[in-house]
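*Asks:* Starting off with a structure, shown below.
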Amino acid sequence: MIVWDGASAAEKPAIEAVRYHNRIQKLALGIEESRAYWRHVLPGEALASQSERAFEERWFGAKSLARIRVLMADLRARYAAFPTALEVLEAWPEMEPETRRLVCHWHLQLADPLYRRFSGGWLVDRRLLPGATIGFQPVLQWVLDTNPKDWSPSTCRQVAGKLLSAVSEAGLVTPPPDPRRIPVPRIPDKALGYILHLLRELQFEGTPFENPYLGSVGLSGVLLEQRLSVGQWGKVHRMGGLTQIEWKYPSLRAWAEAEL
């Protein structure tokens, strides 16, 4: 058993999304869009004003205002719903590409229950199979079987394609062509530090060290405990079957101020 000493549920205002939707049809992982959003967004600004400003200042290049309105609504759900995280991302200097991919992946998981279920559940189970690979047809079949909103077959096909694109961009599966391998990605220390401290401040389904966020990148149970044992954010104390973490920093903001 691993003891998690983050804030109590009553002190955690942010919560992962639980209502299913198909916004991923409009934006998969959105790495470059996310990067532009972190750089320019002003917390507290109305969505309509943000969209107008993004269009006028060309945050996303030559995209139309209609497209930008869609992007801004989706990015707000991924990032603005977690204000401390957005504050950290805005101030993060020179984030390395591997870390950026994983941060975008975790925030898509936070905002999209279907992507979280796919990348942190089904894909994890498939990775454990000997010689496991993945392709569009198995993903489509999973979406058709899951289909939480009674989508049409064409919508299911589009969602399946975007799910596959997102995990490919995140580095959880190899690029096309099919069949694709399902490697365990490299998790830089700063990426792991970010998600660990973020999860301490959120309400989410699962246990702190057995959840879709860490599980999707191959970290759970003993493997995660081993990684924590050599991390720089806290000390691991063991007593019988109990493992407790003594954290170096009290919050995500404190970790970012010290480590970034």
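Chain labels run A, B, ... following the order of the structure tokens; each chain numbers its residues from 1, and ligands are numbered from 1 in the order shown.
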Using backbone DSSP assignments, extract all strand (DSSP E or B) residues from range 126-213 of chain A; output them as a PDB file with C-alpha atoms, in the first residue's frame.

*Replies:*
ATOM      1  CA  THR A 133       0.369  -4.237 -31.846  1.00  0.00           C
ATOM      2  CA  ILE A 134      -2.432  -1.828 -32.614  1.00  0.00           C
ATOM      3  CA  ARG A 180       1.847  -0.223 -34.771  1.00  0.00           C
ATOM      4  CA  ARG A 181       3.881  -1.254 -31.758  1.00  0.00           C
ATOM      5  CA  LEU A 202      -7.079  16.860  -8.154  1.00  0.00           C
ATOM      6  CA  GLN A 203     -10.051  14.626  -7.591  1.00  0.00           C
ATOM      7  CA  THR A 207      -5.872   5.415  -6.518  1.00  0.00           C
ATOM      8  CA  GLU A 210      -2.970   2.996  -9.807  1.00  0.00           C
TER       9      GLU A 210
END

*Asks:* Find the residues near Leu47 in chain A: any atom within 8 Å, counting only C-alpha atoms, skip ones fewer than 2 places away on the same chain, and give them as a list in words.

*Replies:*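 The neighbour list is Glu45, Ser49, Gln50, Ser51, Met72 and Ala73 of chain A.
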
*Asks:* Give the helix (DSSP H, G or I) residues of range 203-253 of chain A, as assigned by DSSP on the backbone, as a VMD selection string.

*Replies:* chain A and resid 212 to 215 221 to 229 252 to 253

*Asks:* With C-alpha atoms retained, could you export that selection as a JSON list (two decimals), in the first residue's frame?

*Replies:*
[["chain", "number", "residue", "atom", "x", "y", "z"],
["A", 212, "PRO", "CA", -5.08, 5.96, -15.98],
["A", 213, "TYR", "CA", -2.65, 8.89, -16.01],
["A", 214, "LEU", "CA", 0.41, 7.09, -14.70],
["A", 215, "GLY", "CA", -0.71, 3.70, -15.99],
["A", 221, "GLY", "CA", 2.73, -0.40, -8.52],
["A", 222, "VAL", "CA", 6.30, -1.55, -8.05],
["A", 223, "LEU", "CA", 7.57, 0.19, -11.18],
["A", 224, "LEU", "CA", 6.29, 3.53, -9.95],
["A", 225, "GLU", "CA", 7.65, 2.94, -6.47],
["A", 226, "GLN", "CA", 11.07, 2.22, -7.97],
["A", 227, "ARG", "CA", 10.96, 5.44, -9.97],
["A", 228, "LEU", "CA", 9.94, 7.42, -6.91],
["A", 229, "SER", "CA", 12.80, 5.92, -4.93],
["A", 252, "LEU", "CA", 2.50, 21.91, -7.80],
["A", 253, "ARG", "CA", 3.26, 25.63, -7.68]]

*Asks:* Find the residues around Gln232 in chain A up to 10 Å (only C-alpha atoms counted), leave out those fewer than 2 positions away in its own chain, and share them as a PDB file with N, CA, C and O atoms, in the first residue's frame.

*Replies:*
ATOM      1  N   ASP A 189      12.179  13.360 -15.973  1.00  0.00           N
ATOM      2  CA  ASP A 189      11.921  13.672 -14.571  1.00  0.00           C
ATOM      3  C   ASP A 189      10.945  14.835 -14.408  1.00  0.00           C
ATOM      4  O   ASP A 189      10.074  14.801 -13.542  1.00  0.00           O
ATOM      5  N   GLY A 193       7.493  14.709 -12.469  1.00  0.00           N
ATOM      6  CA  GLY A 193       7.267  15.624 -11.360  1.00  0.00           C
ATOM      7  C   GLY A 193       5.991  16.427 -11.548  1.00  0.00           C
ATOM      8  O   GLY A 193       5.222  16.644 -10.594  1.00  0.00           O
ATOM      9  N   LEU A 228      10.012   6.440  -7.981  1.00  0.00           N
ATOM     10  CA  LEU A 228       9.944   7.418  -6.905  1.00  0.00           C
ATOM     11  C   LEU A 228      11.141   7.315  -5.973  1.00  0.00           C
ATOM     12  O   LEU A 228      11.585   8.313  -5.405  1.00  0.00           O
ATOM     13  N   SER A 229      11.675   6.124  -5.829  1.00  0.00           N
ATOM     14  CA  SER A 229      12.805   5.918  -4.928  1.00  0.00           C
ATOM     15  C   SER A 229      14.044   6.674  -5.371  1.00  0.00           C
ATOM     16  O   SER A 229      14.911   7.000  -4.558  1.00  0.00           O
ATOM     17  N   VAL A 230      14.135   6.959  -6.678  1.00  0.00           N
ATOM     18  CA  VAL A 230      15.308   7.671  -7.185  1.00  0.00           C
ATOM     19  C   VAL A 230      14.949   9.097  -7.614  1.00  0.00           C
ATOM     20  O   VAL A 230      15.786   9.817  -8.150  1.00  0.00           O
ATOM     21  N   GLY A 234      10.918  13.718  -3.162  1.00  0.00           N
ATOM     22  CA  GLY A 234      10.516  13.218  -1.859  1.00  0.00           C
ATOM     23  C   GLY A 234      11.256  11.948  -1.501  1.00  0.00           C
ATOM     24  O   GLY A 234      12.040  11.421  -2.285  1.00  0.00           O
ATOM     25  N   LYS A 235      11.011  11.486  -0.306  1.00  0.00           N
ATOM     26  CA  LYS A 235      11.636  10.263   0.185  1.00  0.00           C
ATOM     27  C   LYS A 235      10.571   9.198   0.375  1.00  0.00           C
ATOM     28  O   LYS A 235       9.459   9.479   0.823  1.00  0.00           O
ATOM     29  N   TRP A 247       6.918  14.185   0.808  1.00  0.00           N
ATOM     30  CA  TRP A 247       7.125  15.065  -0.330  1.00  0.00           C
ATOM     31  C   TRP A 247       8.022  16.241   0.030  1.00  0.00           C
ATOM     32  O   TRP A 247       7.931  16.801   1.115  1.00  0.00           O
ATOM     33  N   LYS A 248       8.877  16.610  -0.881  1.00  0.00           N
ATOM     34  CA  LYS A 248       9.769  17.756  -0.690  1.00  0.00           C
ATOM     35  C   LYS A 248       9.017  19.066  -0.841  1.00  0.00           C
ATOM     36  O   LYS A 248       9.316  20.050  -0.151  1.00  0.00           O
ATOM     37  N   GLU A 259      11.865  23.791  -9.255  1.00  0.00           N
ATOM     38  CA  GLU A 259      12.476  22.882 -10.228  1.00  0.00           C
ATOM     39  C   GLU A 259      12.529  23.431 -11.646  1.00  0.00           C
ATOM     40  O   GLU A 259      13.319  22.958 -12.462  1.00  0.00           O
TER      41      GLU A 259
END

*Asks:* Please report the interatomic distance between CA of Leu129 in chain A and CA of Tyr115 in chain A in Å with one decimal.

*Replies:* 20.5 Å

*Asks:* Could you tell me which of A:Leu172, A:Met95, A:Met239, A:Leu140 comes closest to Pro153 in chain A if we count only C-alpha atoms?

*Replies:*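 Checking each candidate against Pro153 in chain A, we get A:Leu140 as the closest.
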
*Asks:* Residues of range 3-120 of chain A within 8 Å of range 182-188 of chain A: nearest atom pair and distance (Å, one decimal) for each, counting only C-alpha atoms, sorted by chain and number, as CSV?

*Replies:*
residue,atom,partner,partner_atom,distance
A:Glu98,CA,A:Pro188,CA,7.3
A:Thr99,CA,A:Pro188,CA,6.4
A:Leu102,CA,A:Ile187,CA,7.9

*Asks:* How about saving the chosen residues, N, CA and C atoms kept, as a short mmCIF file (atom, residue, chain, number, x, y, z; two decimals), in the first residue's frame?

*Replies:*
data_model
loop_
_atom_site.label_atom_id
_atom_site.label_comp_id
_atom_site.auth_asym_id
_atom_site.auth_seq_id
_atom_site.Cartn_x
_atom_site.Cartn_y
_atom_site.Cartn_z
N GLU A 98 9.62 15.74 -25.43
CA GLU A 98 9.02 14.55 -24.82
C GLU A 98 8.11 14.93 -23.66
N THR A 99 8.54 15.90 -22.88
CA THR A 99 7.71 16.36 -21.76
C THR A 99 6.45 17.03 -22.28
N LEU A 102 3.82 14.55 -23.31
CA LEU A 102 3.16 13.88 -22.18
C LEU A 102 2.23 14.82 -21.43
#

*Asks:* Do you know which residues are at most 12 Å from range 55-69 of chain A counting only C-alpha atoms, after dropping those on the same chain fewer than 3 positions away, and could you put them as a PyMOL selection string?

*Replies:* chain A and resi 26-27+30-41+46-52+72-76

*Asks:* Considering only C-alpha atoms, state which residue in the set A:Ala91, A:Leu144, A:Val70, A:Arg19 is at the smallest distance from Glu257 in chain A.

*Replies:* A:Ala91

*Asks:* For a test of reading the model, state the distance in Å between CA of Trp142 in chain A and CA of Gln109 in chain A, rounded to one decimal.

*Replies:*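 Spanning CA of Trp142 in chain A to CA of Gln109 in chain A is a straight-line distance of 17.1 Å.
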
*Asks:* Rounded to one decimal in Å, what is the spacing between CA of Ala166 in chain A and CA of Leu29 in chain A?

*Replies:* 4.8 Å

*Asks:* Which residue gives the smallest distance to Arg100 in chain A among A:Asp112, A:Glu201, A:Glu16, A:Glu169, with only C-alpha atoms counted?

*Replies:*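 Smallest separation from Arg100 in chain A among the options: A:Glu169.
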
*Asks:* Find, counting only C-alpha atoms, the residue in A:Leu198, A:Trp233, A:Asp150, A:Ala160 that gets nearest to Glu246 in chain A.

*Replies:*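 Under the stated criterion, the closest residue is A:Trp233.
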
*Asks:* Pick the closest to Phe136 in chain A from A:Leu114, A:Val159, A:Ala28, A:Val103: which is it, counting only C-alpha atoms?

*Replies:*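 That would be A:Val159, the residue with the smallest distance to Phe136 in chain A.
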